[in-house]
Amino acid sequence: YDGLHYSIVDMTLNPPFGDILLLNQNVPGPTMNITEGVTAIPHCNGQDYWIIVQGASTGYNNQLVSYLVTPYGISNPVFSPAGYTVPLTGNSEYLRMPDANRAGTLYASATRVNNHIYIYNFDNSTGQLTSHTDISTSGIGSNGGISFSPNGDFLYVIRNNNTLYQYNITIPGTPVLATNSIPGAPTLSSYEALQLGPDNILYVGRQNGTQLAVV
């Protein structure tokens, strides 16, 4: 995709809808393409947020990029080695729907091109990602949505074979502790996005569907 952009909306204007003050502005730092996955993680100060994306242009396609968003604007990017390289063409879906644990200390992403899962330590004071763990998921369907459990001990990954995989990330190594078919999954239906709600329920988006599945 053609970079990361932001808009500013003033909710005091045209109530209750608000009005746009700035539209589709470039974020600070170098211009680069990015993949489709975007994640927001709270800063350790409890007020600001980090926005994390994957670079997809020459010189940045092996970097994860963090931007700090504060009431005063958006910071220059913080770059962290991804541990892999995104292809320069056909890369929009390379990084699929990343997620962070609720403590804001772990970041995980699932790739669709090479079918790997990457888990990183995240420093929510500096925006730096380090010490990635690489889990190969080749041979069991391409990756879709990914989500941490409420307590952050488990990582759930959904695949295009309508199967939900559970990883215990508190144990060294990469064991798969459970493999469960999604109840009621219709034939040829493709499950995609996976999101943990504030009610501690995992919600699953269905391609071309009109309802969410829950886990």
# chains A, B, ... in the order shown; residues from 1 in each chain; ligands from 1

$ residues_around --residues "segment 17-25 of chain A" --least-positions-apart "6" --cutoff "8 Å" --atoms "only C-alpha atoms" --output "CSV table (one decimal) with all heavy atoms, in the first residue's frame"
chain,number,residue,atom,x,y,z
A,5,HIS,N,-0.8,7.1,6.2
A,5,HIS,CA,-1.4,8.5,6.2
A,5,HIS,C,-2.2,8.7,7.4
A,5,HIS,O,-2.7,7.8,8.0
A,5,HIS,CB,-2.1,8.8,5.0
A,5,HIS,CG,-1.4,8.5,3.7
A,5,HIS,ND1,-0.5,9.4,3.1
A,5,HIS,CD2,-1.4,7.3,2.9
A,5,HIS,CE1,0.0,8.8,2.0
A,5,HIS,NE2,-0.5,7.6,1.9
A,6,TYR,N,-2.5,10.0,7.8
A,6,TYR,CA,-3.3,10.3,8.9
A,6,TYR,C,-4.2,11.5,8.6
A,6,TYR,O,-3.9,12.3,7.7
A,6,TYR,CB,-2.5,10.6,10.2
A,6,TYR,CG,-1.8,11.9,10.2
A,6,TYR,CD1,-2.3,13.0,10.7
A,6,TYR,CD2,-0.5,12.0,9.6
A,6,TYR,CE1,-1.6,14.2,10.7
A,6,TYR,CE2,0.2,13.2,9.6
A,6,TYR,CZ,-0.4,14.3,10.1
A,6,TYR,OH,0.3,15.5,10.1
A,7,SER,N,-5.4,11.6,9.3
A,7,SER,CA,-6.3,12.7,9.2
A,7,SER,C,-6.6,13.2,10.5
A,7,SER,O,-6.5,12.4,11.5
A,7,SER,CB,-7.6,12.3,8.4
A,7,SER,OG,-7.3,11.8,7.1
A,8,ILE,N,-7.0,14.5,10.7
A,8,ILE,CA,-7.3,15.1,12.0
A,8,ILE,C,-8.8,15.5,11.9
A,8,ILE,O,-9.2,16.2,11.0
A,8,ILE,CB,-6.4,16.3,12.3
A,8,ILE,CG1,-5.0,15.8,12.5
A,8,ILE,CG2,-6.9,16.9,13.6
A,8,ILE,CD1,-4.0,16.9,12.8
A,9,VAL,N,-9.6,15.0,12.8
A,9,VAL,CA,-11.0,15.4,12.9
A,9,VAL,C,-11.3,16.2,14.2
A,9,VAL,O,-10.8,15.8,15.3
A,9,VAL,CB,-11.9,14.1,12.9
A,9,VAL,CG1,-13.3,14.4,13.1
A,9,VAL,CG2,-11.6,13.3,11.6
A,10,ASP,N,-11.9,17.3,14.1
A,10,ASP,CA,-12.3,18.1,15.2
A,10,ASP,C,-13.8,17.8,15.6
A,10,ASP,O,-14.7,18.1,14.8
A,10,ASP,CB,-12.2,19.6,14.9
A,10,ASP,CG,-12.4,20.4,16.2
A,10,ASP,OD1,-13.0,20.0,17.1
A,10,ASP,OD2,-11.9,21.6,16.1
A,11,MET,N,-14.0,17.0,16.7
A,11,MET,CA,-15.4,16.6,17.0
A,11,MET,C,-16.2,17.7,17.6
A,11,MET,O,-17.4,17.5,17.8
A,11,MET,CB,-15.3,15.4,18.0
A,11,MET,CG,-14.7,14.2,17.4
A,11,MET,SD,-15.5,13.6,16.0
A,11,MET,CE,-17.2,13.2,16.6

$ residues_around --residues "Gly29 of chain A" --least-positions-apart "2" --cutoff "10 Å" --atoms "only C-alpha atoms" --output "PDB file with N, CA and C atoms, in the first residue's frame"
ATOM      1  N   ASN A  26       0.806  12.697   5.010  1.00  0.00           N
ATOM      2  CA  ASN A  26       1.895  11.738   5.162  1.00  0.00           C
ATOM      3  C   ASN A  26       2.446  11.789   6.584  1.00  0.00           C
ATOM      4  N   VAL A  27       2.787  10.634   7.135  1.00  0.00           N
ATOM      5  CA  VAL A  27       3.427  10.609   8.442  1.00  0.00           C
ATOM      6  C   VAL A  27       4.870  11.092   8.300  1.00  0.00           C
ATOM      7  N   THR A  31       9.427   8.330   2.902  1.00  0.00           N
ATOM      8  CA  THR A  31       8.265   7.795   2.202  1.00  0.00           C
ATOM      9  C   THR A  31       8.506   6.331   1.864  1.00  0.00           C
ATOM     10  N   MET A  32       7.550   5.473   2.201  1.00  0.00           N
ATOM     11  CA  MET A  32       7.709   4.052   1.920  1.00  0.00           C
ATOM     12  C   MET A  32       6.345   3.396   1.762  1.00  0.00           C
ATOM     13  N   TYR A  67       5.534   4.371  15.040  1.00  0.00           N
ATOM     14  CA  TYR A  67       5.302   5.817  15.125  1.00  0.00           C
ATOM     15  C   TYR A  67       4.587   6.107  16.444  1.00  0.00           C
ATOM     16  N   SER A  75       5.472  11.216  15.834  1.00  0.00           N
ATOM     17  CA  SER A  75       6.923  11.276  15.918  1.00  0.00           C
ATOM     18  C   SER A  75       7.566  10.755  14.640  1.00  0.00           C
ATOM     19  N   ASN A  76       8.869  10.982  14.509  1.00  0.00           N
ATOM     20  CA  ASN A  76       9.643  10.304  13.488  1.00  0.00           C
ATOM     21  C   ASN A  76       9.651   8.800  13.780  1.00  0.00           C
ATOM     22  N   PRO A  77       9.810   7.979  12.748  1.00  0.00           N
ATOM     23  CA  PRO A  77       9.687   6.534  12.939  1.00  0.00           C
ATOM     24  C   PRO A  77      10.849   5.933  13.713  1.00  0.00           C
ATOM     25  N   VAL A  78      10.549   4.837  14.411  1.00  0.00           N
ATOM     26  CA  VAL A  78      11.548   3.988  15.056  1.00  0.00           C
ATOM     27  C   VAL A  78      11.607   2.694  14.262  1.00  0.00           C
TER      28      VAL A  78
END

$ closest_atom_pairs --of "segment 31-82 of chain A" --to "segment 103-123 of chain A" --cutoff "8 Å" --atoms "only C-alpha atoms" --output "CSV"
residue,atom,partner,partner_atom,distance
A:Ile41,CA,A:Gly104,CA,5.9
A:Pro42,CA,A:Gly104,CA,6.5
A:His43,CA,A:Gly104,CA,7.8

$ residues_around --residues "Val38 of chain A" --least-positions-apart "5" --cutoff "12 Å" --atoms "only C-alpha atoms" --output "list in words"
Tyr1, Gly3, Leu4, His5, Trp50, Ile51, Ile52, Val53, Gln54, Gly55, Leu64, Val65, Ser66, Tyr67, Ser92, Glu93, Leu95, Arg96, Met97, Pro98, Asp99, Ala100, Tyr107, Ala108 and Ser109 of chain A

$ residues_around --residues "Thr70 of chain A" --least-positions-apart "5" --cutoff "8 Å" --atoms "only C-alpha atoms" --output "compact mmCIF listing (two decimals) with all heavy atoms, in the first residue's frame"
# COMPACT_ATOMS: atom_id res chain seq x y z
N GLN A 47 -1.15 7.23 28.01
CA GLN A 47 -1.85 8.29 27.28
C GLN A 47 -1.61 8.22 25.78
O GLN A 47 -2.55 8.35 24.99
CB GLN A 47 -1.38 9.66 27.77
CG GLN A 47 -1.94 10.83 26.98
CD GLN A 47 -1.50 12.17 27.54
OE1 GLN A 47 -1.28 12.31 28.75
NE2 GLN A 47 -1.36 13.18 26.68
N ASP A 48 -0.38 8.02 25.36
CA ASP A 48 -0.03 8.02 23.95
C ASP A 48 -0.12 6.60 23.37
O ASP A 48 -0.29 5.62 24.09
CB ASP A 48 1.39 8.57 23.76
CG ASP A 48 1.55 9.95 24.38
OD1 ASP A 48 0.58 10.72 24.37
OD2 ASP A 48 2.66 10.24 24.90
N TYR A 49 0.03 6.51 22.03
CA TYR A 49 -0.06 5.22 21.35
C TYR A 49 1.07 5.07 20.33
O TYR A 49 1.48 6.04 19.69
CB TYR A 49 -1.41 5.08 20.62
CG TYR A 49 -2.54 4.71 21.53
CD1 TYR A 49 -3.25 5.68 22.23
CD2 TYR A 49 -2.91 3.37 21.71
CE1 TYR A 49 -4.29 5.35 23.08
CE2 TYR A 49 -3.95 3.03 22.57
CZ TYR A 49 -4.63 4.01 23.24
OH TYR A 49 -5.65 3.68 24.08

$ select_by_dssp --residues "segment 1-190 of chain A" --states "strand (DSSP E)" --output "PyMOL selection string"
chain A and resi 5-10+19-26+39-42+49-54+63-70+73-74+78-81+95-100+106-111+116-123+128-136+143-148+154-159+163-168+176-181

$ closest_residue --among "A:Pro198, A:Phe79, A:Gln211, A:Tyr203" --to "Thr126 of chain A" --atoms "only C-alpha atoms"
A:Phe79

$ closest_residue --among "A:Thr58, A:Asn45, A:Thr170, A:Thr12" --to "Asn124 of chain A" --atoms "only C-alpha atoms"
A:Asn45
